Structure formats: C-alpha cells, structure tokens
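What follows is a set of notes on a single structure, which appears directly below.
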Amino acid sequence: MSKTEIIQICITTFGGVALLLYGMHILGNGLEKISGGKMEKILEKLTNNIFKAVILGALVTAVIQSSGATTVIVVGLVNSGILKLSSAVGIIMGANIGTTITGQILRLGDLESNASLGVVMEFLTPTYLAPFLAIIGIVIIMATKKDNIKAVGDICIGLGILFTGMLSLTASVKPLAELEAFKNVFASLENPFLGVLAGAVITALLQSSSASVGILQAVSTTGLLKFSAAFPIIMGQNIGTCSTSIISSIGASKNAKRAAMVHFYFNLIGTVLFLSVIYILKALGKISGWNDVMDMGSIANFHTFFNIVVTVFFIPFHKLLEKLAVLTIRMTPDSDDDAVMDSGESILDSRFLKSPSLAIQHANNAVAYMGNMAKANFVSSCELYSSFDAKTVEKIKEREDIIDRIEDRLNSYLVSITDCELNAAESRNVTFLIHTITDFERIGDYAYNIMERAEVMHEKEQNLSEEGVRDMQLIAGAVTEVIDMAVTTVEYDDSATAAKIEPLEETIDMLEYKLKNRHIDRLKEGSCAIDRGVHFLDILSDMERVADHCSNVGVHILSKNSSPKDELNHHEYIEKVHKGESREYKEALEQYSLRYKLD
C-alpha cells in the first residue's frame with residue numbers, strides 16, 4: 001500500500017469520525033429539545049430510591065446521548081446542594097446503561113453485509129436509511145416554524161449524519177485489513193492491559209464512549225477484531241469516559257468531586273471484576289468463542305450486557321461506592337460543603353450549560369431567590385419604624401449585598417446561556433429573566449431606601465406618629481402581598497397569579513394617594529412634624545414604585561407565556577386592562593379594596 005493510499009485512508013477515517021461525532025451531537029440536541037429539559041429536571045426531584053435513580057439515569061442519558069454529559073450535570077447538581085451524593089450514585093450507575101443506545105442504533109450497519117435481505121429490509125440499511133432520514137429531516141426543518149417539530153427534523157438529520165459517518169468510517173478502514181501491521185495491532189490488544197488502556201485513551205480523547213464504541217464497530221467490518229481483543233477495549237472505554245466528569249469537578253465542592261469519583265470507581269472496579277471473571281472462565285474452559293470474530297451487533301450486545309451486569313451487581317453495594325468516594329475526598333475541618341449555601345449564586349453552575357433548558361431553570365430559581373431576598377428586606381425595613389433594631393439593619397445590608405452579587409452573576413450567566421443553541425421558547429425565557437432581574441433589583445433598592453430613612457430618623461430621635469405607623473403598616477401589607485405574588489409567578493411560571501397583580505397594584509396606587517392626602521391634612525393640622533412628614537411621603541412613594549415593578553414582573557410573565565403574535569406591551573396591557581375592566585379584574589379590585597380599606 002502506497003503512502004498516498006495511507007494518507008487517503010487517514011483523511012477519510014478522521015472525516016468519518018468527525019461525521020459520527022457531529023451526528024451524535026445533532027441527534028442529542030434534537031432529543032434534548034423534544035424532552036424540553038424535563039428529563040434533567042426530574043433528576044433534581046429524586047428520592048434516595050436507588051432503583052428509581054438508576055432508571056432515571058439511564059433514561060436521561062438515552063435522551064442526551066452522553067453518559068459524560070449526564071455525570072457533568074449530576075456533578076453540577078451536587079455542587080449546588082440540590083442533589084445529595086447518595087442520590088447521585090444511582091444516576092451515575094444508570095448513565096452507563098443509557099449510553100449503550102447509540103451502539104444498538106449503529107448495529108444496523110450489520111444489515112449491509114446481509115445479501116439475503118428482502119426489498120423492505122434493504123431500505124433499512126444505512127446506505128439507504130442515511131439519505132432518506134436526511135431528506136425527511138431537512139424537509140421538516142424547512143417546512144415548519146414550530147420548535148418541537150423542528151426538533152424531530154434535527155433527530156432525523158442527526159441520524160442521517162451518524163449513519164453517513166459510520167459508512168464513511170467503515171469504508172475507510174476496510175483496506176487496512178490487508179496490512180500486516182494493522183493485524184499485529186489487534187493481536188497485541190488481546191493483552192487485557194493494552195486493550196483497556198487503548199479503549200480508555202481513545203474515549204478520553206473523544207470525550208464520548210458512544211463514539212469510541214462506534215469506531216470499534218466500524219473496525220469490526222475488517223474481520224480482524226476477535227472477542228479476545230474487543231472486550232478489554234470496550235471495558236477500557238467505560239474508564240475513559242470518566243475523564244469528562246473528573247475534569248468538570250475541578251474547582252467544585254467536595255461532594256461534587258466525590259460524585260465524579262463515584263463514576264470513576266464504579267467503572268474501574270466494574271472493569272477489574274468483569275475482566276477477572278472472564279479470564280477465570282477462560283482458564284476453566286467455559287468460554288468457547290474466545291477467538292470468534294466480532295461484528296457490529298455482537299459489540300453492541302456485549303457493551304450493553306457488560307454495563308447492565310455491572311450496574312445490577314453494584315446496586316446492593318451502592319453505599320460502599322459512596323463511602324469509598326468520601327474516604328478519597330475527605331472533608332477538611334474548615335469546609336462546609338454539606339451545608340446549603342445562603343446565596344442564590346450557588347445554583348448558577350456553569351456545568352448546567354450543557355443543557356440550556358436546565359441552565360434556564362436554575363437561572364429562574366436564582367431570580368426567584370433574589371425576589372425573596374428583596375421581599376425579606378422590604379418587610380424588615382418597614383418593621384424598623386415600629387421597633388428599630390441595629391441587627392436588623394445589618395441583616396438588610398447583608399441581603400442587599402447578596403442581591404447585588406446575584407444580579408451580576410445572573411447577567412453573566414444569562415449571557416453564557418445565549419451563546420448556546422436556543423429555541424424560540426428558551427430565548428423568550430432568557431429575555432424574561434433579564435427584565436425580571438432588573439425589577440427585583442430595583443425592589444431591593446427601594447427597600448434599602450426605606451431602611452436608610454429609618455436610620456436617619458433613629459439618629460435624629462424622630463418617630464412617626466401612631467396614626468402614621470398604622471397607615472404605613474396597612475400599605476406595607478398590600479405591598480408585601482404584591483411582592484409575594486410577583487415572586488410566585490416567577491418561581492412557578494404562574495400566569496393566573498400574574499393576572500391578579502395589576503388589580504392589587506391599582507389598589508396600592510389608590511391607597512398611596514389617599515394616605516398622602518390624609519398625611520398632608522395632618523401636616524396642616526400640626527399633628528405631625530414637617531421633617532417627619534417628608535420622610536413619610538418619601539416612604540409612600542417608594543412603596544408605590546415597588547408595586548409598579550411587581551406589575552412589570554406580572555406583565556413579563558403574561559407576555560412570555562402568550563403566543564409570539566400576541567406578545568404584550570406593558571403600557572398597552574395596563575391601558576387595556578383599566579379600560580376594559582373585565583369581570584375578573586373588577587372582582588379582584590373590589591376584594592383588595594375591602595382588604596386594605598382605610599379606617
């Protein structure tokens with residue numbers, strides 16, 4: 001074989017690998033969009049039931065087509081304190097089963113060599129299936145504007161590219177069967193240590209065990225791959241895939257590092273035990289197919305069998321894996337990883353960016369956390385006027401610092417999300433969160449202003465009159481309720497609650513107007529000092545502005561959840577609601593007016 005031919009083989013081989021990897025990427029993205037991120041979100045709600053964890057780990061990995069991506073997400077969830085290490089163990093074990101799906105899909109390549117196929121079955125071979133799926137995929141993508149339907153097109157395109165890459169790879173490696181050096185390579189891989197090492201290194205470089213299994217399946221078409229050489233490579237591939245989670249755990253919490261170590265120990269110990277059993281059975285003469293040639297189907301079956309057997313074996317011993325990881329990554333005396341962090345920043349883990357829908361959900365949780373912090377500051381600030389407390393002031397300042405930090409972190413995080421491939425709904429969600437961050441940050445600022453006025457009055461030994469305190473408590477109760485409603489709409493994506501914000505905001509506007517007039521009357525009568533009265537009027541203005549920002553949040557939610565053609569404009573919506581005065585709006589306005597009625 002000439003040098004030119006060898007160079008051509010190398011180029012077509014790497015080209016085939018590139019198409020294989022890209023096809024898997026497109027396929028995974030399509031499946032991810034179909035699932036809408038629901039599979040990953042389920043991971044957060046797992047109990048300590050090991051069987052549920054294993055099943056869900058397998059399902060999630062089958063959807064996103066990467067055990068490495070699943071374990072990276074798990075590391076992120078553990079790092080954020082959302083998922084316990086004990087729950088993570090089962091998910092990691094199940095991920096190894098889910099990743100075998102790709103090999104089972106690629107085994108359709110075995111049909112190519114079957115000359116006795118019927119007409120129908122012949123069209124299921126990759127030669128015909130690849131272009132057929134690609135045609136269907138591009139037609140769907142070009143014919144529809146709906147993201148969910150486009151995702152089906154992505155899946156078809158991904159499968160088409162996957163099969164095309166496999167065909168290219170298979171065709172490029174076939175001439176290598178004539179090379180003596182190539183035969184010697186596979187003869188040397190019958191050494192279990194070299195086989196495991198080769199599988200681990202290739203998988204670590206590709207960052208995908210599914211891709212490395214696919215390459216092995218392509219190589220099997222040369223007829224040189226025996227069982228004795230193939231099975232150590234397959235087991236080494238499981239070890240190589242651990243590199244992804246180990247790298248992702250760098251800089252993470254102790255428990256996140258432990259989750260990565262669980263993945264490593266599970267695959268390492270499973271490989272050692274399985275190798276030992278196979279060589280013991282060989283020594284006893286119980287393995288008859290030691291020198292049998294492997295094809296695509298047998299490789300896929302062995303890969304699946306190996307991962308299922310190892311997972312089933314470890315289920316009773318899952319707590320030992322956890323203990324082993326804990327012993328490896330010891331908790332230092334000054335660390336506090338087991339405690340839940342008191343800042344929403346902890347849930348904005350960059351590892352979630354592997355799944356944009358999951359990253360958006362966590363950003364949403366951080367925004368809701370930010371809103372709750374702003375509400376807590378508002379309530380505490382108002383309480384200072386009836387009972388001033390220096391410790392409460394310090395707590396308010398601490399919360400305000402956290403709100404500012406979360407705002408900065410969220411803005412950067414959302415920019416990172418926009419760098420990912422987003423569908424229209426996800427883009428609308430990101431836009432909504434950017435608007436909402438600003439509103440909650442401003443609510444926090446107004447709460448801080450109210451606190452500062454309380455400080456000034458305390459330093460000057462000034463107090464509001466008893467009537468002034470009662471009036472302030474009345475409107476503060478209404479404002480607290482509207483903030484709570486705004487946070488609820490964000491946290492639970494609750495359009496029904498969002499629609500009730502505007503009548504309460506209108507009630508607060510009317511209440512502020514009446515309280516200002518009543519206070520001006522007190523000033524005229526001389527029953528309230530002017531210097532204190534100015535503070536009271538400023539506090540009322542701050543409260544009214546807080547309600548305005550809550551109204552903004554409600555409109556943002558309603559706009560996000562409306563169809564693109566019916567997207568709401570804030571001012572138009574407010575005008576429409578007030579002019580139309582629907583029955584629901586009138587009833588809500590009447591209820592709030594009675595609840596917050598002046599004496």
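The way I read the labels, and the way they are meant: chains A, B, ... in the order of the structure tokens, residue 1 as the first residue of every chain, and ligand 1 as the first ligand shown, with later ones counted on from there.
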Show which residues sit within 12 Å of region 319-333 of chain A, as a compact mmCIF listing (two decimals) with N, CA and C atoms, in the first residue's frame. Count only C-alpha atoms, and ignore same-chain residues fewer than 4 positions away.
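After the write, out-v3.txt holds the following:
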# COMPACT_ATOMS: atom_id res chain seq x y z
N ASN A 48 -34.12 8.91 47.59
CA ASN A 48 -32.94 8.07 47.78
C ASN A 48 -33.16 6.64 47.28
N ASN A 49 -34.23 6.43 46.52
CA ASN A 49 -34.52 5.10 45.98
C ASN A 49 -33.53 4.79 44.87
N ILE A 50 -32.65 3.83 45.09
CA ILE A 50 -31.57 3.51 44.15
C ILE A 50 -32.11 3.03 42.81
N LYS A 84 -28.33 15.21 46.59
CA LYS A 84 -27.46 14.57 47.57
C LYS A 84 -26.53 13.58 46.87
N LEU A 85 -25.38 13.36 47.48
CA LEU A 85 -24.41 12.43 46.90
C LEU A 85 -25.01 11.03 46.80
N SER A 86 -25.80 10.64 47.79
CA SER A 86 -26.39 9.29 47.79
C SER A 86 -27.33 9.09 46.60
N SER A 87 -28.07 10.15 46.21
CA SER A 87 -28.95 10.06 45.04
C SER A 87 -28.15 10.05 43.75
N ALA A 88 -27.01 10.76 43.75
CA ALA A 88 -26.18 10.86 42.56
C ALA A 88 -25.60 9.51 42.16
N VAL A 89 -25.33 8.64 43.14
CA VAL A 89 -24.71 7.34 42.86
C VAL A 89 -25.55 6.54 41.88
N GLY A 90 -26.85 6.43 42.12
CA GLY A 90 -27.73 5.64 41.25
C GLY A 90 -27.83 6.22 39.86
N ILE A 92 -25.56 7.97 38.26
CA ILE A 92 -24.30 7.69 37.57
C ILE A 92 -24.25 6.25 37.09
N MET A 93 -24.73 5.34 37.91
CA MET A 93 -24.75 3.93 37.51
C MET A 93 -25.67 3.72 36.32
N SER A 249 -15.29 18.44 37.64
CA SER A 249 -15.34 18.60 39.10
C SER A 249 -14.23 19.48 39.63
N ALA A 252 -14.85 22.44 42.03
CA ALA A 252 -16.19 22.26 42.61
C ALA A 252 -16.07 21.91 44.10
N SER A 253 -17.21 21.73 44.74
CA SER A 253 -17.23 21.39 46.17
C SER A 253 -16.73 19.96 46.39
N LYS A 254 -16.50 19.64 47.65
CA LYS A 254 -16.02 18.29 48.00
C LYS A 254 -17.01 17.23 47.54
N ASN A 255 -18.29 17.47 47.77
CA ASN A 255 -19.29 16.47 47.38
C ASN A 255 -19.38 16.31 45.88
N ALA A 256 -19.18 17.39 45.13
CA ALA A 256 -19.19 17.31 43.66
C ALA A 256 -18.00 16.47 43.19
N LYS A 257 -16.85 16.66 43.82
CA LYS A 257 -15.67 15.85 43.49
C LYS A 257 -15.94 14.38 43.81
N ARG A 258 -16.65 14.15 44.90
CA ARG A 258 -16.99 12.77 45.29
C ARG A 258 -17.90 12.12 44.24
N ALA A 259 -18.83 12.91 43.70
CA ALA A 259 -19.72 12.37 42.65
C ALA A 259 -18.90 11.92 41.45
N ALA A 260 -17.90 12.72 41.07
CA ALA A 260 -17.03 12.34 39.95
C ALA A 260 -16.23 11.08 40.29
N MET A 261 -15.80 10.96 41.55
CA MET A 261 -15.03 9.78 41.96
C MET A 261 -15.92 8.53 42.00
N VAL A 262 -17.19 8.70 42.34
CA VAL A 262 -18.13 7.57 42.30
C VAL A 262 -18.18 7.01 40.87
N HIS A 263 -18.27 7.90 39.89
CA HIS A 263 -18.29 7.49 38.49
C HIS A 263 -17.02 6.72 38.14
N PHE A 264 -15.87 7.23 38.59
CA PHE A 264 -14.59 6.60 38.28
C PHE A 264 -14.47 5.23 38.95
N TYR A 265 -14.79 5.16 40.24
CA TYR A 265 -14.66 3.88 40.96
C TYR A 265 -15.64 2.83 40.43
N PHE A 266 -16.84 3.29 40.09
CA PHE A 266 -17.85 2.37 39.56
C PHE A 266 -17.33 1.70 38.29
N ASN A 267 -16.78 2.48 37.38
CA ASN A 267 -16.29 1.93 36.12
C ASN A 267 -14.98 1.16 36.30
N LEU A 268 -14.10 1.66 37.14
CA LEU A 268 -12.81 0.99 37.36
C LEU A 268 -13.00 -0.38 38.02
N ILE A 269 -13.74 -0.40 39.13
CA ILE A 269 -13.95 -1.66 39.86
C ILE A 269 -14.75 -2.63 39.01
N GLY A 270 -15.76 -2.10 38.31
CA GLY A 270 -16.56 -2.96 37.43
C GLY A 270 -15.72 -3.60 36.35
N THR A 311 -23.94 -2.81 36.60
CA THR A 311 -24.88 -1.96 37.34
C THR A 311 -25.72 -2.79 38.32
N PHE A 314 -23.70 -3.80 41.31
CA PHE A 314 -23.35 -2.75 42.27
C PHE A 314 -24.54 -2.17 43.02
N ILE A 315 -25.76 -2.44 42.55
CA ILE A 315 -26.93 -1.85 43.22
C ILE A 315 -26.96 -2.18 44.72
N ASP A 337 -19.25 22.07 53.00
CA ASP A 337 -19.92 21.72 51.76
C ASP A 337 -21.29 21.11 51.98
N ASP A 338 -21.49 20.47 53.14
CA ASP A 338 -22.77 19.80 53.36
C ASP A 338 -23.88 20.78 53.70
Residue contacts of Ser245 (chain A) (7 Å, only C-alpha atoms) excluding same-chain residues fewer than 6 positions away, as JSON, numbers by chain:
{"A": [68, 71, 72, 260]}
Å distance separating CA of Glu525 (chain A) from CA of Cys382 (chain A), one decimal place
25.6 Å
Would you kindly return, as a PyMOL selection string, each protein, DNA or RNA residue with an atom no farther than 10 Å from any atom of Ala496 (chain A), considering only C-alpha atoms and excluding same-chain residues fewer than 4 positions away?
chain A and resi 489+500-501+554+557-558
Those same residues, written as a PDB file, in the first residue's frame with C-alpha atoms?
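The file below, selection-v2.pdb, is the result:
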ATOM      1  CA  THR A 489     -45.305  33.990  39.299  1.00  0.00           C
ATOM      2  CA  LYS A 500     -54.049  39.234  39.716  1.00  0.00           C
ATOM      3  CA  ILE A 501     -51.091  41.543  40.290  1.00  0.00           C
ATOM      4  CA  GLY A 554     -46.587  40.167  36.078  1.00  0.00           C
ATOM      5  CA  ILE A 557     -44.802  36.561  32.711  1.00  0.00           C
ATOM      6  CA  LEU A 558     -48.034  37.053  30.747  1.00  0.00           C
TER       7      LEU A 558
END
For His318 (chain A), which of A:Asn238, A:Gly94, A:Lys354, A:Leu523 is the closest residue, counting only C-alpha atoms?
A:Gly94
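Of the residues under consideration (A:Ala69, A:Val393, A:Met296, A:Val312), A:Ala69 shows the shortest atom-to-atom contact distance to Ser243 (chain A) when counting only C-alpha atoms.
The spacing separating CA of Ala486 (chain A) from CA of Asp445 (chain A) amounts to 16.3 Å.
Ranking A:Leu474, A:Arg583, A:Leu31, A:Val546 by their shortest atom-to-atom distance to Leu598 (chain A), with only C-alpha atoms included, puts A:Leu474 first.
Candidate residues A:Lys52, A:Lys145, A:Arg522, A:His435 were compared for distance to Ile91 (chain A), and the nearest is A:Lys52, using only C-alpha atoms.
Using only C-alpha atoms, the nearest neighbour of Tyr369 (chain A) within the list A:Thr497, A:Ser416, A:Thr488, A:Thr304 is A:Thr488.
Comparing A:Glu32, A:Glu421, A:Glu383, A:Glu190 by their smallest distance to Phe227 (chain A), the closest is A:Glu190 (using only C-alpha atoms).
Going from CA of Val74 (chain A) to CA of Met24 (chain A) covers 20.8 Å.
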Leaving out Gly98 (chain A) and any residue of its chain fewer than 5 positions from it, which residues lie within 12 Å of it when counting only C-alpha atoms, given as a PyMOL selection string?
chain A and resi 54-71+91-93+103-104+209-210+303-305+307-308+311
Test item, helix (DSSP H, G or I) assignment across region 48-283 of chain A, answer as a count of residues only:
198
Contacts of region 482-485 of chain A at 10 Å or less, counting only C-alpha atoms, minus same-chain residues fewer than 5 places along, as a PDB file with N, CA and C atoms, in the first residue's frame?
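Once everything was written out, this is out-v5.pdb:
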ATOM      1  N   GLY A 371     -35.780  37.615  44.343  1.00  0.00           N
ATOM      2  CA  GLY A 371     -37.044  38.258  44.689  1.00  0.00           C
ATOM      3  C   GLY A 371     -37.422  38.044  46.137  1.00  0.00           C
ATOM      4  N   ASN A 372     -37.190  36.835  46.646  1.00  0.00           N
ATOM      5  CA  ASN A 372     -37.486  36.553  48.063  1.00  0.00           C
ATOM      6  C   ASN A 372     -36.599  37.362  48.997  1.00  0.00           C
ATOM      7  N   ALA A 374     -35.353  40.323  48.282  1.00  0.00           N
ATOM      8  CA  ALA A 374     -35.863  41.692  48.215  1.00  0.00           C
ATOM      9  C   ALA A 374     -37.114  41.843  49.083  1.00  0.00           C
ATOM     10  N   LYS A 375     -37.990  40.815  49.043  1.00  0.00           N
ATOM     11  CA  LYS A 375     -39.206  40.856  49.876  1.00  0.00           C
ATOM     12  C   LYS A 375     -38.847  40.864  51.362  1.00  0.00           C
ATOM     13  N   ALA A 376     -37.873  40.022  51.749  1.00  0.00           N
ATOM     14  CA  ALA A 376     -37.441  39.967  53.147  1.00  0.00           C
ATOM     15  C   ALA A 376     -36.903  41.326  53.599  1.00  0.00           C
ATOM     16  N   PHE A 378     -37.740  44.256  52.338  1.00  0.00           N
ATOM     17  CA  PHE A 378     -38.854  45.207  52.414  1.00  0.00           C
ATOM     18  C   PHE A 378     -39.590  45.047  53.742  1.00  0.00           C
ATOM     19  N   PHE A 440     -36.543  43.072  40.232  1.00  0.00           N
ATOM     20  CA  PHE A 440     -36.298  42.627  41.606  1.00  0.00           C
ATOM     21  C   PHE A 440     -35.139  43.405  42.243  1.00  0.00           C
ATOM     22  N   ILE A 443     -36.595  46.655  43.360  1.00  0.00           N
ATOM     23  CA  ILE A 443     -37.400  46.461  44.577  1.00  0.00           C
ATOM     24  C   ILE A 443     -36.478  46.420  45.788  1.00  0.00           C
ATOM     25  N   ALA A 476     -47.977  48.730  53.668  1.00  0.00           N
ATOM     26  CA  ALA A 476     -46.862  47.778  53.627  1.00  0.00           C
ATOM     27  C   ALA A 476     -47.376  46.349  53.482  1.00  0.00           C
ATOM     28  N   GLY A 477     -48.508  46.051  54.114  1.00  0.00           N
ATOM     29  CA  GLY A 477     -49.099  44.720  53.984  1.00  0.00           C
ATOM     30  C   GLY A 477     -49.510  44.433  52.553  1.00  0.00           C
ATOM     31  N   VAL A 490     -42.868  34.052  39.150  1.00  0.00           N
ATOM     32  CA  VAL A 490     -41.569  33.689  38.578  1.00  0.00           C
ATOM     33  C   VAL A 490     -41.199  32.259  38.960  1.00  0.00           C
ATOM     34  N   GLU A 491     -41.351  31.947  40.220  1.00  0.00           N
ATOM     35  CA  GLU A 491     -40.925  30.642  40.734  1.00  0.00           C
ATOM     36  C   GLU A 491     -41.698  29.499  40.100  1.00  0.00           C
ATOM     37  N   ASP A 494     -46.430  31.143  36.950  1.00  0.00           N
ATOM     38  CA  ASP A 494     -47.860  31.147  37.260  1.00  0.00           C
ATOM     39  C   ASP A 494     -48.556  32.355  36.619  1.00  0.00           C
ATOM     40  N   THR A 497     -51.677  33.842  38.712  1.00  0.00           N
ATOM     41  CA  THR A 497     -51.306  34.795  39.765  1.00  0.00           C
ATOM     42  C   THR A 497     -50.833  36.106  39.154  1.00  0.00           C
ATOM     43  N   ALA A 498     -50.110  36.011  38.034  1.00  0.00           N
ATOM     44  CA  ALA A 498     -49.617  37.219  37.359  1.00  0.00           C
ATOM     45  C   ALA A 498     -50.762  38.141  36.966  1.00  0.00           C
ATOM     46  N   ALA A 499     -51.887  37.554  36.546  1.00  0.00           N
ATOM     47  CA  ALA A 499     -53.040  38.350  36.119  1.00  0.00           C
ATOM     48  C   ALA A 499     -53.702  39.084  37.291  1.00  0.00           C
ATOM     49  N   LYS A 500     -53.447  38.610  38.528  1.00  0.00           N
ATOM     50  CA  LYS A 500     -54.049  39.234  39.716  1.00  0.00           C
ATOM     51  C   LYS A 500     -53.193  40.354  40.291  1.00  0.00           C
ATOM     52  N   ILE A 501     -51.989  40.520  39.745  1.00  0.00           N
ATOM     53  CA  ILE A 501     -51.091  41.543  40.290  1.00  0.00           C
ATOM     54  C   ILE A 501     -51.603  42.945  39.992  1.00  0.00           C
ATOM     55  N   GLU A 502     -52.097  43.160  38.769  1.00  0.00           N
ATOM     56  CA  GLU A 502     -52.489  44.513  38.363  1.00  0.00           C
ATOM     57  C   GLU A 502     -53.605  45.114  39.218  1.00  0.00           C
ATOM     58  N   PRO A 503     -54.673  44.363  39.540  1.00  0.00           N
ATOM     59  CA  PRO A 503     -55.694  44.972  40.417  1.00  0.00           C
ATOM     60  C   PRO A 503     -55.159  45.319  41.803  1.00  0.00           C
ATOM     61  N   LEU A 504     -54.220  44.510  42.333  1.00  0.00           N
ATOM     62  CA  LEU A 504     -53.630  44.834  43.635  1.00  0.00           C
ATOM     63  C   LEU A 504     -52.717  46.056  43.508  1.00  0.00           C
ATOM     64  N   GLU A 505     -51.995  46.162  42.381  1.00  0.00           N
ATOM     65  CA  GLU A 505     -51.130  47.331  42.168  1.00  0.00           C
ATOM     66  C   GLU A 505     -51.984  48.595  42.083  1.00  0.00           C
ATOM     67  N   ILE A 508     -53.001  49.606  45.495  1.00  0.00           N
ATOM     68  CA  ILE A 508     -51.888  50.268  46.192  1.00  0.00           C
ATOM     69  C   ILE A 508     -51.752  51.710  45.718  1.00  0.00           C
ATOM     70  N   VAL A 546     -42.342  50.190  44.226  1.00  0.00           N
ATOM     71  CA  VAL A 546     -42.158  48.741  44.393  1.00  0.00           C
ATOM     72  C   VAL A 546     -43.313  47.996  43.728  1.00  0.00           C
ATOM     73  N   ALA A 547     -44.525  48.473  43.961  1.00  0.00           N
ATOM     74  CA  ALA A 547     -45.708  47.842  43.354  1.00  0.00           C
ATOM     75  C   ALA A 547     -45.657  47.937  41.828  1.00  0.00           C
ATOM     76  N   ASP A 548     -45.143  49.059  41.311  1.00  0.00           N
ATOM     77  CA  ASP A 548     -45.007  49.218  39.860  1.00  0.00           C
ATOM     78  C   ASP A 548     -44.086  48.146  39.280  1.00  0.00           C
ATOM     79  N   HIS A 549     -42.976  47.875  39.954  1.00  0.00           N
ATOM     80  CA  HIS A 549     -42.035  46.856  39.469  1.00  0.00           C
ATOM     81  C   HIS A 549     -42.648  45.457  39.546  1.00  0.00           C
ATOM     82  N   CYS A 550     -43.485  45.236  40.557  1.00  0.00           N
ATOM     83  CA  CYS A 550     -44.192  43.945  40.641  1.00  0.00           C
ATOM     84  C   CYS A 550     -45.159  43.811  39.462  1.00  0.00           C
ATOM     85  N   SER A 551     -45.777  44.922  39.092  1.00  0.00           N
ATOM     86  CA  SER A 551     -46.667  44.925  37.923  1.00  0.00           C
ATOM     87  C   SER A 551     -45.876  44.566  36.666  1.00  0.00           C
ATOM     88  N   VAL A 553     -43.249  42.669  36.492  1.00  0.00           N
ATOM     89  CA  VAL A 553     -42.966  41.225  36.527  1.00  0.00           C
ATOM     90  C   VAL A 553     -44.176  40.440  36.040  1.00  0.00           C
ATOM     91  N   GLY A 554     -45.367  40.853  36.503  1.00  0.00           N
ATOM     92  CA  GLY A 554     -46.587  40.167  36.078  1.00  0.00           C
ATOM     93  C   GLY A 554     -46.797  40.240  34.576  1.00  0.00           C
TER      94      GLY A 554
END
So that each row is one residue of region 213-293 of chain A with an atom at most 9 Å from region 159-174 of chain A, can you give its shortest atom pair and the distance in Å to one decimal, using only C-alpha atoms, rows by chain and rising number, as a Markdown table?
| residue | atom | partner | partner_atom | distance |
| --- | --- | --- | --- | --- |
| A:Gly214 | CA | A:Met166 | CA | 7.5 |
| A:Ile215 | CA | A:Leu169 | CA | 7.5 |
| A:Gln217 | CA | A:Thr170 | CA | 8.4 |
| A:Ala218 | CA | A:Thr170 | CA | 4.7 |
| A:Val219 | CA | A:Val173 | CA | 6.3 |
| A:Ser220 | CA | A:Thr170 | CA | 8.6 |
| A:Thr221 | CA | A:Thr170 | CA | 6.7 |
| A:Thr222 | CA | A:Lys174 | CA | 5.1 |
| A:Gly223 | CA | A:Lys174 | CA | 8.8 |
